[in-house]
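Listing of model-v7.csv, CSV, C-alpha atoms
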```
chain,number,residue,atom,x,y,z
A,1,MET,CA,-8.2,-335.4,-165.9
A,2,ALA,CA,-7.6,-339.2,-165.9
A,3,ASP,CA,-8.9,-341.3,-163.0
A,4,GLN,CA,-6.2,-341.9,-160.4
A,5,LYS,CA,-5.9,-345.4,-159.1
A,6,ASP,CA,-5.0,-346.1,-155.5
A,7,SER,CA,-1.4,-347.2,-155.1
A,8,PRO,CA,-1.2,-351.0,-155.3
A,9,SER,CA,0.1,-352.8,-152.3
A,10,LEU,CA,3.3,-354.7,-152.4
A,11,THR,CA,1.4,-358.0,-152.8
A,12,ASP,CA,-0.5,-356.5,-155.8
A,13,GLU,CA,2.8,-355.6,-157.5
A,14,LEU,CA,4.3,-359.0,-157.0
A,15,PRO,CA,1.4,-361.5,-157.4
A,16,ASP,CA,3.7,-364.4,-158.2
A,17,LYS,CA,5.9,-363.9,-155.2
A,18,ALA,CA,5.7,-366.7,-152.7
A,19,ALA,CA,4.7,-365.8,-149.2
A,20,HIS,CA,7.4,-365.7,-146.5
A,21,GLU,CA,6.9,-368.5,-144.1
A,22,LEU,CA,7.6,-367.4,-140.5
A,23,THR,CA,7.0,-368.8,-137.1
A,24,GLN,CA,5.0,-366.6,-134.8
A,25,ALA,CA,8.2,-365.9,-132.8
A,26,ALA,CA,10.0,-364.7,-135.9
A,27,TYR,CA,7.0,-362.6,-136.9
A,28,ASP,CA,6.9,-361.0,-133.5
A,29,ARG,CA,10.6,-360.2,-133.5
A,30,LEU,CA,10.4,-358.7,-137.0
A,31,LYS,CA,7.3,-356.6,-136.1
A,32,ALA,CA,9.0,-355.3,-133.0
A,33,GLU,CA,12.2,-354.4,-135.0
A,34,TYR,CA,10.1,-352.7,-137.7
A,35,ASP,CA,8.2,-350.7,-135.1
A,36,GLU,CA,11.4,-349.6,-133.4
A,37,LEU,CA,13.1,-348.7,-136.6
A,38,THR,CA,10.2,-346.6,-137.9
A,39,THR,CA,9.7,-344.7,-134.7
A,40,VAL,CA,12.6,-344.4,-132.2
A,41,LYS,CA,15.5,-345.1,-134.5
A,42,LYS,CA,14.1,-342.8,-137.2
A,43,ILE,CA,14.0,-339.9,-134.8
A,44,ASP,CA,17.5,-340.7,-133.4
A,45,ILE,CA,18.9,-340.6,-137.0
A,46,ALA,CA,17.2,-337.3,-137.7
A,47,ARG,CA,18.7,-335.8,-134.6
A,48,LYS,CA,22.2,-337.0,-135.5
A,49,ILE,CA,21.9,-335.5,-139.0
A,50,GLU,CA,20.6,-332.2,-137.6
A,51,ALA,CA,23.4,-332.1,-135.0
A,52,ALA,CA,26.0,-332.8,-137.8
A,53,ARG,CA,24.5,-330.1,-140.0
A,54,GLU,CA,25.0,-327.5,-137.2
A,55,LEU,CA,28.7,-328.3,-137.3
A,56,GLY,CA,29.0,-326.5,-140.7
A,57,ASP,CA,30.5,-327.4,-144.0
A,58,LEU,CA,28.8,-330.7,-145.0
A,59,SER,CA,31.3,-331.6,-147.7
A,60,GLU,CA,33.9,-332.5,-145.2
A,61,ASN,CA,31.7,-333.4,-142.2
A,62,GLY,CA,32.4,-337.0,-141.2
A,63,ASP,CA,29.6,-337.0,-138.6
A,64,TYR,CA,27.0,-335.9,-141.3
A,65,HIS,CA,28.2,-338.5,-143.8
A,66,ALA,CA,28.2,-341.3,-141.2
A,67,ALA,CA,24.7,-340.4,-140.1
A,68,LYS,CA,23.4,-340.3,-143.7
A,69,GLU,CA,25.0,-343.7,-144.3
A,70,GLU,CA,23.3,-345.1,-141.2
A,71,GLN,CA,20.0,-343.6,-142.4
A,72,GLY,CA,20.4,-345.4,-145.7
A,73,LYS,CA,21.2,-348.7,-144.1
A,74,MET,CA,18.2,-348.3,-141.8
A,75,ALA,CA,15.9,-347.4,-144.7
A,76,GLY,CA,17.0,-350.6,-146.5
A,77,ARG,CA,16.3,-352.7,-143.4
A,78,ILE,CA,12.9,-351.1,-143.0
A,79,SER,CA,12.1,-351.9,-146.6
A,80,HIS,CA,13.2,-355.5,-146.3
A,81,ILE,CA,11.2,-356.1,-143.1
A,82,PHE,CA,8.2,-354.4,-144.6
A,83,SER,CA,8.3,-356.7,-147.7
A,84,ILE,CA,8.4,-359.8,-145.4
A,85,LEU,CA,5.6,-358.6,-143.1
A,86,GLU,CA,3.4,-357.5,-146.0
A,87,ASN,CA,3.5,-361.0,-147.6
A,88,HIS,CA,3.9,-363.6,-144.9
A,89,VAL,CA,2.2,-366.8,-143.6
A,90,ILE,CA,2.5,-368.0,-140.0
A,91,VAL,CA,3.6,-371.6,-139.8
A,92,ASP,CA,3.8,-373.9,-136.8
A,93,ALA,CA,6.2,-376.8,-136.9
A,94,SER,CA,5.6,-377.9,-133.3
A,95,GLY,CA,4.2,-381.4,-132.8
A,96,SER,CA,4.9,-382.4,-136.4
A,97,ASP,CA,6.7,-385.7,-137.1
A,98,GLU,CA,7.9,-384.3,-140.4
A,99,VAL,CA,10.2,-381.5,-141.4
A,100,ARG,CA,8.5,-378.1,-141.9
A,101,VAL,CA,9.6,-374.5,-142.0
A,102,GLY,CA,10.6,-373.7,-138.4
A,103,SER,CA,11.8,-377.2,-137.6
A,104,VAL,CA,15.2,-377.8,-136.1
A,105,VAL,CA,16.7,-380.9,-137.8
A,106,GLU,CA,19.6,-383.1,-136.9
A,107,ILE,CA,21.2,-384.8,-139.8
A,108,ARG,CA,24.1,-387.1,-140.5
A,109,TYR,CA,25.9,-387.1,-143.8
A,110,GLU,CA,26.4,-390.6,-145.4
A,111,GLY,CA,29.7,-392.0,-144.2
A,112,ASP,CA,30.1,-389.6,-141.3
A,113,SER,CA,29.5,-390.4,-137.6
A,114,ASP,CA,28.9,-386.8,-136.5
A,115,THR,CA,25.5,-385.1,-136.6
A,116,GLU,CA,24.8,-381.5,-137.3
A,117,LYS,CA,21.7,-379.4,-136.3
A,118,PHE,CA,20.1,-376.8,-138.6
A,119,LEU,CA,17.0,-374.6,-138.5
A,120,VAL,CA,14.9,-375.0,-141.7
A,121,GLY,CA,13.5,-371.6,-142.6
A,122,SER,CA,14.2,-368.0,-143.5
A,123,ILE,CA,17.3,-366.3,-142.3
A,124,GLU,CA,14.9,-364.2,-140.3
A,125,GLU,CA,14.1,-367.3,-138.3
A,126,ARG,CA,17.7,-367.6,-137.0
A,127,SER,CA,18.0,-368.2,-133.3
A,128,ASP,CA,20.7,-369.4,-130.9
A,129,ASP,CA,23.8,-370.6,-132.7
A,130,LEU,CA,22.0,-372.7,-135.4
A,131,GLU,CA,22.8,-372.4,-139.0
A,132,VAL,CA,19.8,-371.9,-141.2
A,133,ILE,CA,18.9,-374.0,-144.2
A,134,SER,CA,16.5,-372.3,-146.6
A,135,PRO,CA,13.5,-374.5,-147.5
A,136,GLY,CA,14.1,-373.4,-151.1
A,137,SER,CA,17.7,-374.7,-151.2
A,138,ALA,CA,18.5,-378.1,-152.6
A,139,LEU,CA,18.9,-379.7,-149.1
A,140,GLY,CA,16.0,-377.7,-147.7
A,141,GLU,CA,13.6,-378.9,-150.4
A,142,ALA,CA,14.8,-382.5,-150.0
A,143,LEU,CA,14.2,-382.3,-146.2
A,144,VAL,CA,10.8,-380.7,-146.1
A,145,GLY,CA,8.1,-383.4,-145.6
A,146,LYS,CA,10.6,-386.1,-144.5
A,147,LYS,CA,10.4,-388.1,-141.2
A,148,VAL,CA,13.1,-389.2,-138.8
A,149,GLY,CA,15.1,-392.2,-140.1
A,150,GLU,CA,14.5,-391.4,-143.7
A,151,PRO,CA,17.5,-391.1,-146.0
A,152,VAL,CA,17.4,-387.8,-148.0
A,153,THR,CA,19.3,-387.5,-151.2
A,154,TYR,CA,19.8,-384.1,-152.9
A,155,GLU,CA,22.0,-382.5,-155.6
A,156,THR,CA,24.4,-379.8,-154.6
A,157,PRO,CA,24.9,-376.7,-156.8
A,158,THR,CA,28.1,-378.3,-158.2
A,159,GLY,CA,26.1,-381.3,-159.4
A,160,ALA,CA,27.3,-383.8,-156.7
A,161,GLU,CA,24.7,-386.0,-155.2
A,162,LEU,CA,24.8,-386.3,-151.4
A,163,THR,CA,22.7,-388.4,-149.0
A,164,VAL,CA,21.9,-387.5,-145.4
A,165,GLU,CA,20.0,-389.3,-142.7
A,166,LEU,CA,17.4,-387.4,-140.8
A,167,VAL,CA,18.3,-388.2,-137.2
A,168,GLY,CA,16.0,-385.9,-135.3
A,169,ILE,CA,13.3,-383.2,-135.6
A,170,GLU,CA,12.6,-380.6,-132.9
```

Spell out the structure here as structure tokens.
Amino acid sequence: MADQKDSPSLTDELPDKAAHELTQAAYDRLKAEYDELTTVKKIDIARKIEAARELGDLSENGDYHAAKEEQGKMAGRISHIFSILENHVIVDASGSDEVRVGSVVEIRYEGDSDTEKFLVGSIEERSDDLEVISPGSALGEALVGKKVGEPVTYETPTGAELTVELVGIE
């Protein structure tokens, strides 16, 4: 019989995949959600499915199909969170005078008097009512490493070139 190799971890399977940059707060939120989904919520779904099965004919059982759909969505979320937690790096943007993942930036588009605030980071970093700019997006890449007062020029997906002024970093 051939030697069996241990199953590779997710990071072994995807060696070129960049690590997910998370603040400690985002990591803690994701870990808590993962723990709840894999324990309490998994048991709740199993109970819903069992209760629906007891109602009889599964082909026309709306409760059963709804519970199975919920189970599928939850499994997808568990898998997504696992992949982030399996390959992450904790970043700390506090006290920095330049934009980093986790920074809240205030920018002003050239020719506009209003400013807008965004969080630079993963969608998993979202908090409050701030929109999130991915550090891998054109604007995100252009902002990372910049300091207050610097003009930032980037190319939009449509090919237009836009300039913003970095007004503030939190």

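Residues with at least one atom no more than 10 Å from (11.5, -365.5, -135.4), using all atoms listed in the file, are Leu22, Thr23, Gln24, Ala25, Ala26, Tyr27, Asp28, Arg29, Leu30, Lys31, Gly102, Gly121, Ser122, Ile123, Glu124, Glu125, Arg126 and Ser127 of chain A.
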
For the selection just defined, write its residues with C-alpha atoms to a file, as a compact mmCIF listing (two decimals), in the coordinates of the input.
```txt
# COMPACT_ATOMS: atom_id res chain seq x y z
CA LEU A 22 7.60 -367.40 -140.50
CA THR A 23 7.00 -368.80 -137.10
CA GLN A 24 5.00 -366.60 -134.80
CA ALA A 25 8.20 -365.90 -132.80
CA ALA A 26 10.00 -364.70 -135.90
CA TYR A 27 7.00 -362.60 -136.90
CA ASP A 28 6.90 -361.00 -133.50
CA ARG A 29 10.60 -360.20 -133.50
CA LEU A 30 10.40 -358.70 -137.00
CA LYS A 31 7.30 -356.60 -136.10
CA GLY A 102 10.60 -373.70 -138.40
CA GLY A 121 13.50 -371.60 -142.60
CA SER A 122 14.20 -368.00 -143.50
CA ILE A 123 17.30 -366.30 -142.30
CA GLU A 124 14.90 -364.20 -140.30
CA GLU A 125 14.10 -367.30 -138.30
CA ARG A 126 17.70 -367.60 -137.00
CA SER A 127 18.00 -368.20 -133.30
```

- prompt: CA of Arg77 in chain A and CA of Arg47 in chain A, how far apart in Å?
  reply: 19.2 Å

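CA of His20 in chain A to CA of Val89 in chain A spans 6.1 Å [interatomic distance, one decimal].
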
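The nearest approach to Ser96 in chain A among the residues A:Lys147, A:Leu37, A:Glu131, A:Thr153, with only C-alpha atoms taken into account, belongs to A:Lys147.
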
- prompt: If you count only C-alpha atoms, which residues fall within 7 Å of Ala19 in chain A, apart from same-chain ones fewer than 2 positions away, as a PyMOL selection string?
  reply: chain A and resi 17+21+87-89
